[in-house]
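Peer 1: The structure file run33.pdb (PDB, C-alpha atoms and all ligand atoms) is provided below.
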```
ATOM      1  CA  MET A   1      18.319 -13.766 -10.880
ATOM      2  CA  VAL A   2      15.261 -11.572 -10.674
ATOM      3  CA  LYS A   3      13.449 -14.242 -12.684
ATOM      4  CA  ASN A   4      13.878 -16.837  -9.938
ATOM      5  CA  SER A   5      13.586 -14.455  -7.017
ATOM      6  CA  LYS A   6      10.608 -12.223  -7.401
ATOM      7  CA  VAL A   7      10.183 -11.651  -3.704
ATOM      8  CA  LEU A   8      12.797  -9.240  -2.427
ATOM      9  CA  VAL A   9      13.036  -8.367   1.255
ATOM     10  CA  VAL A  10      14.952  -5.163   1.932
ATOM     11  CA  MET A  11      16.410  -5.588   5.419
ATOM     12  CA  GLY A  12      18.541  -3.851   8.019
ATOM     13  CA  VAL A  13      18.271  -1.811  11.193
ATOM     14  CA  SER A  14      15.871   1.067  11.692
ATOM     15  CA  GLY A  15      16.810   4.045   9.532
ATOM     16  CA  THR A  16      19.097   2.163   7.183
ATOM     17  CA  GLY A  17      16.889   3.142   4.230
ATOM     18  CA  LYS A  18      14.551   0.171   3.736
ATOM     19  CA  THR A  19      11.526   2.299   2.868
ATOM     20  CA  THR A  20      13.437   4.739   0.670
ATOM     21  CA  ILE A  21      15.294   2.059  -1.284
ATOM     22  CA  GLY A  22      12.412  -0.423  -1.308
ATOM     23  CA  LYS A  23      10.094   2.079  -3.000
ATOM     24  CA  LEU A  24      12.676   3.018  -5.634
ATOM     25  CA  LEU A  25      13.410  -0.626  -6.337
ATOM     26  CA  ALA A  26       9.697  -1.401  -6.635
ATOM     27  CA  ASP A  27       9.348   1.405  -9.213
ATOM     28  CA  GLN A  28      12.256   0.021 -11.221
ATOM     29  CA  LEU A  29      11.004  -3.565 -11.199
ATOM     30  CA  GLY A  30       7.302  -2.787 -11.485
ATOM     31  CA  TYR A  31       6.466  -4.702  -8.304
ATOM     32  CA  PRO A  32       4.229  -3.540  -5.469
ATOM     33  CA  PHE A  33       5.937  -2.304  -2.304
ATOM     34  CA  PHE A  34       4.897  -3.114   1.254
ATOM     35  CA  ASP A  35       6.431  -1.568   4.349
ATOM     36  CA  GLY A  36       6.756  -4.041   7.210
ATOM     37  CA  ASP A  37       6.068  -1.184   9.627
ATOM     38  CA  ASP A  38       2.450  -1.162   8.430
ATOM     39  CA  PHE A  39       1.977  -4.790   9.502
ATOM     40  CA  HIS A  40       2.910  -4.409  13.175
ATOM     41  CA  PRO A  41       0.074  -4.833  15.657
ATOM     42  CA  GLU A  42      -0.726  -1.600  17.508
ATOM     43  CA  ALA A  43       0.877  -3.008  20.687
ATOM     44  CA  ASN A  44       4.240  -3.259  18.902
ATOM     45  CA  ILE A  45       4.033   0.330  17.666
ATOM     46  CA  GLN A  46       3.147   1.502  21.189
ATOM     47  CA  LYS A  47       6.057  -0.416  22.619
ATOM     48  CA  MET A  48       8.614   0.973  20.177
ATOM     49  CA  SER A  49       7.167   4.492  20.470
ATOM     50  CA  SER A  50       7.742   4.365  24.205
ATOM     51  CA  GLY A  51      11.373   3.359  23.682
ATOM     52  CA  ILE A  52      11.121  -0.369  24.455
ATOM     53  CA  PRO A  53      12.660  -2.762  21.921
ATOM     54  CA  LEU A  54      10.523  -5.603  20.614
ATOM     55  CA  ASN A  55      11.378  -9.149  21.687
ATOM     56  CA  ASP A  56      11.160 -12.420  19.740
ATOM     57  CA  LEU A  57       7.570 -13.020  20.820
ATOM     58  CA  ASP A  58       6.469  -9.510  19.814
ATOM     59  CA  ARG A  59       7.961 -10.061  16.374
ATOM     60  CA  LYS A  60       6.658 -13.614  15.788
ATOM     61  CA  GLY A  61       3.093 -12.831  14.591
ATOM     62  CA  TRP A  62       4.368  -9.873  12.588
ATOM     63  CA  LEU A  63       6.920 -12.044  10.754
ATOM     64  CA  LEU A  64       4.254 -14.666  10.042
ATOM     65  CA  ARG A  65       2.059 -11.976   8.462
ATOM     66  CA  LEU A  66       4.947 -10.877   6.278
ATOM     67  CA  ASN A  67       5.636 -14.480   5.302
ATOM     68  CA  ALA A  68       1.988 -14.788   4.222
ATOM     69  CA  LEU A  69       2.429 -11.625   2.148
ATOM     70  CA  ALA A  70       5.555 -13.080   0.518
ATOM     71  CA  LEU A  71       3.756 -16.339  -0.303
ATOM     72  CA  GLU A  72       0.836 -14.420  -1.772
ATOM     73  CA  HIS A  73       3.181 -12.636  -4.204
ATOM     74  CA  LYS A  74       5.515 -15.557  -4.861
ATOM     75  CA  ASP A  75       4.829 -15.666  -8.591
ATOM     76  CA  SER A  76       3.897 -12.064  -9.314
ATOM     77  CA  GLY A  77       6.724 -10.334  -7.423
ATOM     78  CA  VAL A  78       6.887  -7.955  -4.488
ATOM     79  CA  ILE A  79       9.270  -5.790  -2.501
ATOM     80  CA  ILE A  80       8.927  -5.966   1.283
ATOM     81  CA  ALA A  81      10.769  -3.726   3.754
ATOM     82  CA  CYS A  82      11.447  -5.595   6.978
ATOM     83  CA  SER A  83      14.244  -5.267   9.524
ATOM     84  CA  ALA A  84      14.683  -9.107   9.596
ATOM     85  CA  LEU A  85      17.414  -8.656  12.179
ATOM     86  CA  LYS A  86      17.988 -12.274  13.249
ATOM     87  CA  LYS A  87      18.618 -15.462  11.328
ATOM     88  CA  THR A  88      15.565 -17.086  12.940
ATOM     89  CA  TYR A  89      13.403 -14.157  11.766
ATOM     90  CA  ARG A  90      14.668 -14.612   8.222
ATOM     91  CA  SER A  91      13.783 -18.325   8.399
ATOM     92  CA  ILE A  92      10.190 -17.418   9.268
ATOM     93  CA  LEU A  93      10.013 -14.909   6.412
ATOM     94  CA  LYS A  94      11.438 -17.448   3.969
ATOM     95  CA  SER A  95       9.244 -20.362   5.001
ATOM     96  CA  GLY A  96       7.738 -22.074   1.923
ATOM     97  CA  MET A  97       9.591 -19.703  -0.418
ATOM     98  CA  GLY A  98      12.892 -21.455  -1.198
ATOM     99  CA  GLN A  99      14.973 -19.618  -3.791
ATOM    100  CA  GLN A 100      12.070 -17.366  -4.667
ATOM    101  CA  LEU A 101      12.860 -15.000  -1.802
ATOM    102  CA  LYS A 102      16.056 -12.969  -1.637
ATOM    103  CA  PHE A 103      17.283 -10.663   1.107
ATOM    104  CA  ILE A 104      18.819  -7.322   0.267
ATOM    105  CA  TYR A 105      20.859  -6.112   3.219
ATOM    106  CA  LEU A 106      21.387  -2.381   3.558
ATOM    107  CA  ASP A 107      24.633  -2.118   5.463
ATOM    108  CA  GLY A 108      25.646   1.033   7.306
ATOM    109  CA  SER A 109      27.490   2.279  10.373
ATOM    110  CA  PHE A 110      25.820   3.334  13.610
ATOM    111  CA  ASP A 111      27.069   6.911  13.182
ATOM    112  CA  LEU A 112      25.780   7.346   9.641
ATOM    113  CA  ILE A 113      22.348   5.923  10.477
ATOM    114  CA  GLN A 114      22.152   7.950  13.670
ATOM    115  CA  SER A 115      22.790  11.143  11.732
ATOM    116  CA  ARG A 116      20.111  10.255   9.141
ATOM    117  CA  LEU A 117      17.580   9.384  11.845
ATOM    118  CA  ALA A 118      18.297  12.610  13.705
ATOM    119  CA  SER A 119      16.951  14.567  10.747
ATOM    120  CA  ARG A 120      14.003  12.248   9.984
ATOM    121  CA  LYS A 121      10.630  13.596  11.077
ATOM    122  CA  ASP A 122       7.186  12.049  11.620
ATOM    123  CA  HIS A 123       8.255   8.524  12.502
ATOM    124  CA  PHE A 124       7.373   6.533  15.599
ATOM    125  CA  MET A 125      10.778   4.886  16.005
ATOM    126  CA  PRO A 126      12.861   6.746  18.608
ATOM    127  CA  LEU A 127      16.561   7.291  17.949
ATOM    128  CA  GLY A 128      17.291   5.681  21.316
ATOM    129  CA  LEU A 129      16.324   2.245  19.968
ATOM    130  CA  LEU A 130      19.078   2.226  17.366
ATOM    131  CA  LYS A 131      21.588   0.736  19.828
ATOM    132  CA  SER A 132      19.311  -2.249  20.510
ATOM    133  CA  GLN A 133      18.718  -2.675  16.765
ATOM    134  CA  PHE A 134      22.484  -3.072  16.268
ATOM    135  CA  GLU A 135      22.758  -5.400  19.281
ATOM    136  CA  THR A 136      20.020  -7.627  17.864
ATOM    137  CA  LEU A 137      21.307  -7.586  14.294
ATOM    138  CA  GLU A 138      22.845 -10.798  12.978
ATOM    139  CA  PRO A 139      24.192  -9.699   9.585
ATOM    140  CA  PRO A 140      23.123 -12.169   6.887
ATOM    141  CA  SER A 141      25.745 -14.285   5.158
ATOM    142  CA  LYS A 142      23.601 -15.022   2.113
ATOM    143  CA  ALA A 143      22.174 -11.707   0.968
ATOM    144  CA  ILE A 144      22.769  -9.042  -1.593
ATOM    145  CA  THR A 145      24.716  -6.608   0.571
ATOM    146  CA  VAL A 146      24.988  -2.950  -0.334
ATOM    147  CA  SER A 147      26.632  -0.077   1.511
ATOM    148  CA  ILE A 148      24.248   2.766   2.327
ATOM    149  CA  ALA A 149      27.062   5.323   2.306
ATOM    150  CA  GLN A 150      26.061   6.465  -1.156
ATOM    151  CA  GLU A 151      23.208   8.229  -2.863
ATOM    152  CA  SER A 152      19.884   6.324  -3.030
ATOM    153  CA  ASN A 153      19.889   5.947  -6.817
ATOM    154  CA  LYS A 154      23.376   4.447  -6.709
ATOM    155  CA  ILE A 155      22.247   1.939  -4.091
ATOM    156  CA  VAL A 156      19.355   0.872  -6.317
ATOM    157  CA  GLU A 157      21.649   0.596  -9.349
ATOM    158  CA  GLU A 158      23.988  -1.639  -7.394
ATOM    159  CA  ILE A 159      21.151  -3.864  -6.194
ATOM    160  CA  LEU A 160      19.857  -4.255  -9.760
ATOM    161  CA  ARG A 161      23.371  -5.115 -10.922
ATOM    162  CA  GLN A 162      23.745  -7.776  -8.231
ATOM    163  CA  LEU A 163      20.328  -9.238  -9.030
ATOM    164  CA  LYS A 164      21.332  -9.941 -12.643
TER     165      LYS A 164
HETATM  166  N1  LIG G 201      21.044   6.804   0.564
HETATM  167  C1  LIG G 201      20.557   7.760   1.370
HETATM  168  N2  LIG G 201      21.174   8.947   1.448
HETATM  169  C2  LIG G 201      20.718   9.925   2.278
HETATM  170  N3  LIG G 201      19.630   9.792   3.078
HETATM  171  C3  LIG G 201      18.965   8.624   3.038
HETATM  172  C4  LIG G 201      19.385   7.544   2.185
HETATM  173  N4  LIG G 201      18.523   6.503   2.365
HETATM  174  C5  LIG G 201      17.623   6.918   3.284
HETATM  175  N5  LIG G 201      17.868   8.188   3.677
HETATM  176  C6  LIG G 201      17.127   8.960   4.698
HETATM  177  O1  LIG G 201      17.375   8.307   5.947
HETATM  178  C7  LIG G 201      16.191   8.274   6.738
HETATM  179  C8  LIG G 201      15.842   6.825   7.045
HETATM  180  O2  LIG G 201      15.436   6.181   5.834
HETATM  181  P1  LIG G 201      14.178   5.203   5.799
HETATM  182  O3  LIG G 201      13.035   5.803   6.535
HETATM  183  O4  LIG G 201      13.984   4.816   4.381
HETATM  184  O5  LIG G 201      14.774   3.981   6.640
HETATM  185  P2  LIG G 201      14.046   2.653   7.156
HETATM  186  O6  LIG G 201      15.081   1.599   7.195
HETATM  187  O7  LIG G 201      12.822   2.394   6.364
HETATM  188  O8  LIG G 201      13.647   3.055   8.625
HETATM  189  P3  LIG G 201      12.617   2.337   9.629
HETATM  190  O9  LIG G 201      12.990   0.919   9.715
HETATM  191  O10 LIG G 201      12.868   3.031  10.926
HETATM  192  O11 LIG G 201      11.248   2.551   9.088
HETATM  193  C9  LIG G 201      15.110   9.007   5.947
HETATM  194  O12 LIG G 201      15.024  10.331   6.411
HETATM  195  C10 LIG G 201      15.613   8.939   4.498
HETATM  196  O13 LIG G 201      15.188  10.026   3.741
HETATM  197  O1  LIG G 202      12.225  -5.548  14.281
HETATM  198  C1  LIG G 202      12.026  -4.434  14.754
HETATM  199  O2  LIG G 202      12.503  -4.011  15.808
HETATM  200  C2  LIG G 202      11.148  -3.525  14.008
HETATM  201  O3  LIG G 202      10.848  -3.981  12.729
HETATM  202  C3  LIG G 202      11.796  -2.193  13.816
HETATM  203  O4  LIG G 202      12.978  -2.362  13.118
HETATM  204  C4  LIG G 202      10.833  -1.245  13.217
HETATM  205  O5  LIG G 202       9.676  -1.811  12.694
HETATM  206  C5  LIG G 202      11.305  -0.375  12.154
HETATM  207  O6  LIG G 202      12.627  -0.392  11.881
HETATM  208  C6  LIG G 202      10.716   0.977  12.481
HETATM  209  O7  LIG G 202      11.523   1.982  12.353
END
```
Turn this file's structure into structure tokens for me.
Peer 2:
Amino acid sequence: MVKNSKVLVVMGVSGTGKTTIGKLLADQLGYPFFDGDDFHPEANIQKMSSGIPLNDLDRKGWLLRLNALALEHKDSGVIIACSALKKTYRSILKSGMGQQLKFIYLDGSFDLIQSRLASRKDHFMPLGLLKSQFETLEPPSKAITVSIAQESNKIVEEILRQLK
């Protein structure tokens, strides 16, 4: 229920639509939206921009910052876009949150995401890192899972339906 889970983390690989869907969802629910990309230290951005995937250590401090953001908005509500690729990353994000944090997993095929990323402009994440994103991904078993092979508004409608 939205009532119990006011902190919603929109997750999935690069280009799956976290920012697009997260913003629309935030508008619908009246919660602020934060893009995890804006919380990376500069070194992480440099690394990804030069085509090198982040490792667990690179992501640790970033995930802790996002956990602090989640805790800060525990009672008021927030939407956070974060890849949250591994189970251990999701544990860090969820720390101290219990049932008040829910993951929304945007599920899509490599080919579909590749084609969307190929036409996306002005973003630091190179297309070449998509393979490593899929290799790192451990799909969540307990998440609201929605296929991205549909129009954005339909995805949001389905998420809202599953949150009820
Ligand atoms: N449902 C959709 N239908 C068509 N295009 C979409 C859909 N969702 C997102 N897109 C497009 O796909 C591209 C990737 O979306 P977006 O930037 O929201 O993904 P992201 O998961 O936030 O990526 P990143 O993690 O790399 O920041 C964008 O160009 C966006 O406009
Ligand atoms: O965990 C990661 O490797 C990162 O979060 C990436 O997923 C990017 O930040 C994001 O997707 C940018 O496009």
Peer 1: Residues within 8 Å of ligand LIG 202 (chain G) should be enumerated using only C-alpha atoms and all ligand atoms and returned as a PyMOL selection string.
Peer 2: chain A and resi 12-15+36-37+40+45+48+53-55+59+82-85+123-126+133
Peer 1: I need the residues from that last selection saved to file as a PDB file, keeping the file's coordinate frame (with C-alpha atoms), if you can.
Peer 2:
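To be explicit, this is the file written out as again.pdb:
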```pdb
ATOM      1  CA  GLY A  12      18.541  -3.851   8.019  1.00  0.00           C
ATOM      2  CA  VAL A  13      18.271  -1.811  11.193  1.00  0.00           C
ATOM      3  CA  SER A  14      15.871   1.067  11.692  1.00  0.00           C
ATOM      4  CA  GLY A  15      16.810   4.045   9.532  1.00  0.00           C
ATOM      5  CA  GLY A  36       6.756  -4.041   7.210  1.00  0.00           C
ATOM      6  CA  ASP A  37       6.068  -1.184   9.627  1.00  0.00           C
ATOM      7  CA  HIS A  40       2.910  -4.409  13.175  1.00  0.00           C
ATOM      8  CA  ILE A  45       4.033   0.330  17.666  1.00  0.00           C
ATOM      9  CA  MET A  48       8.614   0.973  20.177  1.00  0.00           C
ATOM     10  CA  PRO A  53      12.660  -2.762  21.921  1.00  0.00           C
ATOM     11  CA  LEU A  54      10.523  -5.603  20.614  1.00  0.00           C
ATOM     12  CA  ASN A  55      11.378  -9.149  21.687  1.00  0.00           C
ATOM     13  CA  ARG A  59       7.961 -10.061  16.374  1.00  0.00           C
ATOM     14  CA  CYS A  82      11.447  -5.595   6.978  1.00  0.00           C
ATOM     15  CA  SER A  83      14.244  -5.267   9.524  1.00  0.00           C
ATOM     16  CA  ALA A  84      14.683  -9.107   9.596  1.00  0.00           C
ATOM     17  CA  LEU A  85      17.414  -8.656  12.179  1.00  0.00           C
ATOM     18  CA  HIS A 123       8.255   8.524  12.502  1.00  0.00           C
ATOM     19  CA  PHE A 124       7.373   6.533  15.599  1.00  0.00           C
ATOM     20  CA  MET A 125      10.778   4.886  16.005  1.00  0.00           C
ATOM     21  CA  PRO A 126      12.861   6.746  18.608  1.00  0.00           C
ATOM     22  CA  GLN A 133      18.718  -2.675  16.765  1.00  0.00           C
TER      23      GLN A 133
END
```
Peer 1: Return as JSON lines the residues of chain A lying at most 6 Å from ligand LIG 201 (chain G), together with the closest atom-to-atom pair for each and the distance in Å to one decimal, counting all atoms listed in the file, with rows in chain order and ascending residue number.
Peer 2:
```
{"residue": "A:Ser14", "atom": "CA", "partner": "G:LIG201", "partner_atom": "O9", "distance": 3.5}
{"residue": "A:Gly15", "atom": "CA", "partner": "G:LIG201", "partner_atom": "O8", "distance": 3.4}
{"residue": "A:Thr16", "atom": "CA", "partner": "G:LIG201", "partner_atom": "O6", "distance": 4.1}
{"residue": "A:Gly17", "atom": "CA", "partner": "G:LIG201", "partner_atom": "O5", "distance": 3.3}
{"residue": "A:Lys18", "atom": "CA", "partner": "G:LIG201", "partner_atom": "O6", "distance": 3.8}
{"residue": "A:Thr19", "atom": "CA", "partner": "G:LIG201", "partner_atom": "O7", "distance": 3.7}
{"residue": "A:Thr20", "atom": "CA", "partner": "G:LIG201", "partner_atom": "O4", "distance": 3.8}
{"residue": "A:Arg116", "atom": "CA", "partner": "G:LIG201", "partner_atom": "O1", "distance": 4.6}
{"residue": "A:Leu117", "atom": "CA", "partner": "G:LIG201", "partner_atom": "C7", "distance": 5.4}
{"residue": "A:Arg120", "atom": "CA", "partner": "G:LIG201", "partner_atom": "O12", "distance": 4.2}
{"residue": "A:Met125", "atom": "CA", "partner": "G:LIG201", "partner_atom": "O10", "distance": 5.8}
{"residue": "A:Ile148", "atom": "CA", "partner": "G:LIG201", "partner_atom": "N1", "distance": 5.4}
{"residue": "A:Gln150", "atom": "CA", "partner": "G:LIG201", "partner_atom": "N1", "distance": 5.3}
{"residue": "A:Glu151", "atom": "CA", "partner": "G:LIG201", "partner_atom": "N1", "distance": 4.3}
{"residue": "A:Ser152", "atom": "CA", "partner": "G:LIG201", "partner_atom": "N1", "distance": 3.8}
```
Peer 1: Dump C-alpha atoms for the selected residues as a CSV table (one decimal), in the coordinates of the input?
Peer 2:
```csv
chain,number,residue,atom,x,y,z
A,14,SER,CA,15.9,1.1,11.7
A,15,GLY,CA,16.8,4.0,9.5
A,16,THR,CA,19.1,2.2,7.2
A,17,GLY,CA,16.9,3.1,4.2
A,18,LYS,CA,14.6,0.2,3.7
A,19,THR,CA,11.5,2.3,2.9
A,20,THR,CA,13.4,4.7,0.7
A,116,ARG,CA,20.1,10.3,9.1
A,117,LEU,CA,17.6,9.4,11.8
A,120,ARG,CA,14.0,12.2,10.0
A,125,MET,CA,10.8,4.9,16.0
A,148,ILE,CA,24.2,2.8,2.3
A,150,GLN,CA,26.1,6.5,-1.2
A,151,GLU,CA,23.2,8.2,-2.9
A,152,SER,CA,19.9,6.3,-3.0
```
Peer 1: Can you list, as a VMD selection string, every protein, DNA or RNA residue that comes within 10 Å of A:Leu66 when you count all atoms listed in the file, leaving out same-chain residues fewer than 6 positions away?
Peer 2: chain A and resid 9 34 to 36 39 to 40 72 80 to 82 92 to 94
Peer 1: With C-alpha atoms retained, could you export that selection as a CSV table (one decimal), in the coordinates of the input?
Peer 2:
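Saved to part03.csv:
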```csv
chain,number,residue,atom,x,y,z
A,9,VAL,CA,13.0,-8.4,1.3
A,34,PHE,CA,4.9,-3.1,1.3
A,35,ASP,CA,6.4,-1.6,4.3
A,36,GLY,CA,6.8,-4.0,7.2
A,39,PHE,CA,2.0,-4.8,9.5
A,40,HIS,CA,2.9,-4.4,13.2
A,72,GLU,CA,0.8,-14.4,-1.8
A,80,ILE,CA,8.9,-6.0,1.3
A,81,ALA,CA,10.8,-3.7,3.8
A,82,CYS,CA,11.4,-5.6,7.0
A,92,ILE,CA,10.2,-17.4,9.3
A,93,LEU,CA,10.0,-14.9,6.4
A,94,LYS,CA,11.4,-17.4,4.0
```
Peer 1: Under the rule that all atoms listed in the file are counted, which of A:Lys87, A:Lys102, A:Lys6, A:Lys23 is the nearest residue to A:Asp75?
Peer 2: A:Lys6
Peer 1: Counting only C-alpha atoms, figure out which residue out of A:Ala70, A:Val146, A:Ala26, A:Ile21 gets nearest to A:Gly98.
Peer 2: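 Checking each of A:Ala70, A:Val146, A:Ala26, A:Ile21 against A:Gly98, counting only C-alpha atoms, the winner is A:Ala70.
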Peer 1: Quick one: distance from atom CA of A:Glu42 to atom CA of A:Asp27 in Å, one decimal?
Peer 2: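 It comes out at 28.7 Å.
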Peer 1: Just give me the gap between atom CA of A:Leu8 and atom CA of A:Ala118 in Å, one decimal is fine.
Peer 2: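 It comes out at 27.7 Å.
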Peer 1: Would you compute the distance between atom CA of A:Lys74 and atom CA of A:Met11? Give it in Å to one decimal.
Peer 2: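 Spanning atom CA of A:Lys74 to atom CA of A:Met11 is a straight-line distance of 18.0 Å.
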Peer 1: Suppose a student applies the PyMOL selection byres (((chain A and resi 32) around 8) and not hetatm) to this structure; what residues should they get, written as a list in words?
Peer 2: Ala26, Gly30, Tyr31, Phe33, Phe34, Gly77, Val78 and Ile79 of chain A
Peer 1: N, CA and C atoms for stretch 17-31 of chain A, written as a PDB file, in the frame of the given file, could you do that?
Peer 2:
```pdb
ATOM      1  N   GLY A  17      17.364   2.746   5.560  1.00  0.00           N
ATOM      2  CA  GLY A  17      16.889   3.142   4.230  1.00  0.00           C
ATOM      3  C   GLY A  17      15.970   2.146   3.560  1.00  0.00           C
ATOM      4  N   LYS A  18      15.389   1.227   4.321  1.00  0.00           N
ATOM      5  CA  LYS A  18      14.551   0.171   3.736  1.00  0.00           C
ATOM      6  C   LYS A  18      13.373   0.740   2.942  1.00  0.00           C
ATOM      7  N   THR A  19      12.697   1.728   3.540  1.00  0.00           N
ATOM      8  CA  THR A  19      11.526   2.299   2.868  1.00  0.00           C
ATOM      9  C   THR A  19      11.952   3.076   1.621  1.00  0.00           C
ATOM     10  N   THR A  20      12.947   3.910   1.781  1.00  0.00           N
ATOM     11  CA  THR A  20      13.437   4.739   0.670  1.00  0.00           C
ATOM     12  C   THR A  20      13.879   3.863  -0.504  1.00  0.00           C
ATOM     13  N   ILE A  21      14.724   2.901  -0.219  1.00  0.00           N
ATOM     14  CA  ILE A  21      15.294   2.059  -1.284  1.00  0.00           C
ATOM     15  C   ILE A  21      14.246   1.075  -1.808  1.00  0.00           C
ATOM     16  N   GLY A  22      13.443   0.534  -0.903  1.00  0.00           N
ATOM     17  CA  GLY A  22      12.412  -0.423  -1.308  1.00  0.00           C
ATOM     18  C   GLY A  22      11.448   0.182  -2.320  1.00  0.00           C
ATOM     19  N   LYS A  23      11.033   1.427  -2.074  1.00  0.00           N
ATOM     20  CA  LYS A  23      10.094   2.079  -3.000  1.00  0.00           C
ATOM     21  C   LYS A  23      10.738   2.318  -4.363  1.00  0.00           C
ATOM     22  N   LEU A  24      11.974   2.763  -4.354  1.00  0.00           N
ATOM     23  CA  LEU A  24      12.676   3.018  -5.634  1.00  0.00           C
ATOM     24  C   LEU A  24      12.856   1.722  -6.421  1.00  0.00           C
ATOM     25  N   LEU A  25      13.204   0.676  -5.705  1.00  0.00           N
ATOM     26  CA  LEU A  25      13.410  -0.626  -6.337  1.00  0.00           C
ATOM     27  C   LEU A  25      12.096  -1.153  -6.919  1.00  0.00           C
ATOM     28  N   ALA A  26      11.018  -0.961  -6.177  1.00  0.00           N
ATOM     29  CA  ALA A  26       9.697  -1.401  -6.635  1.00  0.00           C
ATOM     30  C   ALA A  26       9.321  -0.669  -7.927  1.00  0.00           C
ATOM     31  N   ASP A  27       9.622   0.629  -7.992  1.00  0.00           N
ATOM     32  CA  ASP A  27       9.348   1.405  -9.213  1.00  0.00           C
ATOM     33  C   ASP A  27      10.128   0.833 -10.393  1.00  0.00           C
ATOM     34  N   GLN A  28      11.390   0.537 -10.145  1.00  0.00           N
ATOM     35  CA  GLN A  28      12.256   0.021 -11.221  1.00  0.00           C
ATOM     36  C   GLN A  28      11.794  -1.340 -11.725  1.00  0.00           C
ATOM     37  N   LEU A  29      11.348  -2.191 -10.810  1.00  0.00           N
ATOM     38  CA  LEU A  29      11.004  -3.565 -11.199  1.00  0.00           C
ATOM     39  C   LEU A  29       9.524  -3.727 -11.536  1.00  0.00           C
ATOM     40  N   GLY A  30       8.742  -2.705 -11.213  1.00  0.00           N
ATOM     41  CA  GLY A  30       7.302  -2.787 -11.485  1.00  0.00           C
ATOM     42  C   GLY A  30       6.571  -3.722 -10.535  1.00  0.00           C
ATOM     43  N   TYR A  31       7.107  -3.869  -9.321  1.00  0.00           N
ATOM     44  CA  TYR A  31       6.466  -4.702  -8.304  1.00  0.00           C
ATOM     45  C   TYR A  31       5.805  -3.809  -7.263  1.00  0.00           C
TER      46      TYR A  31
END
```
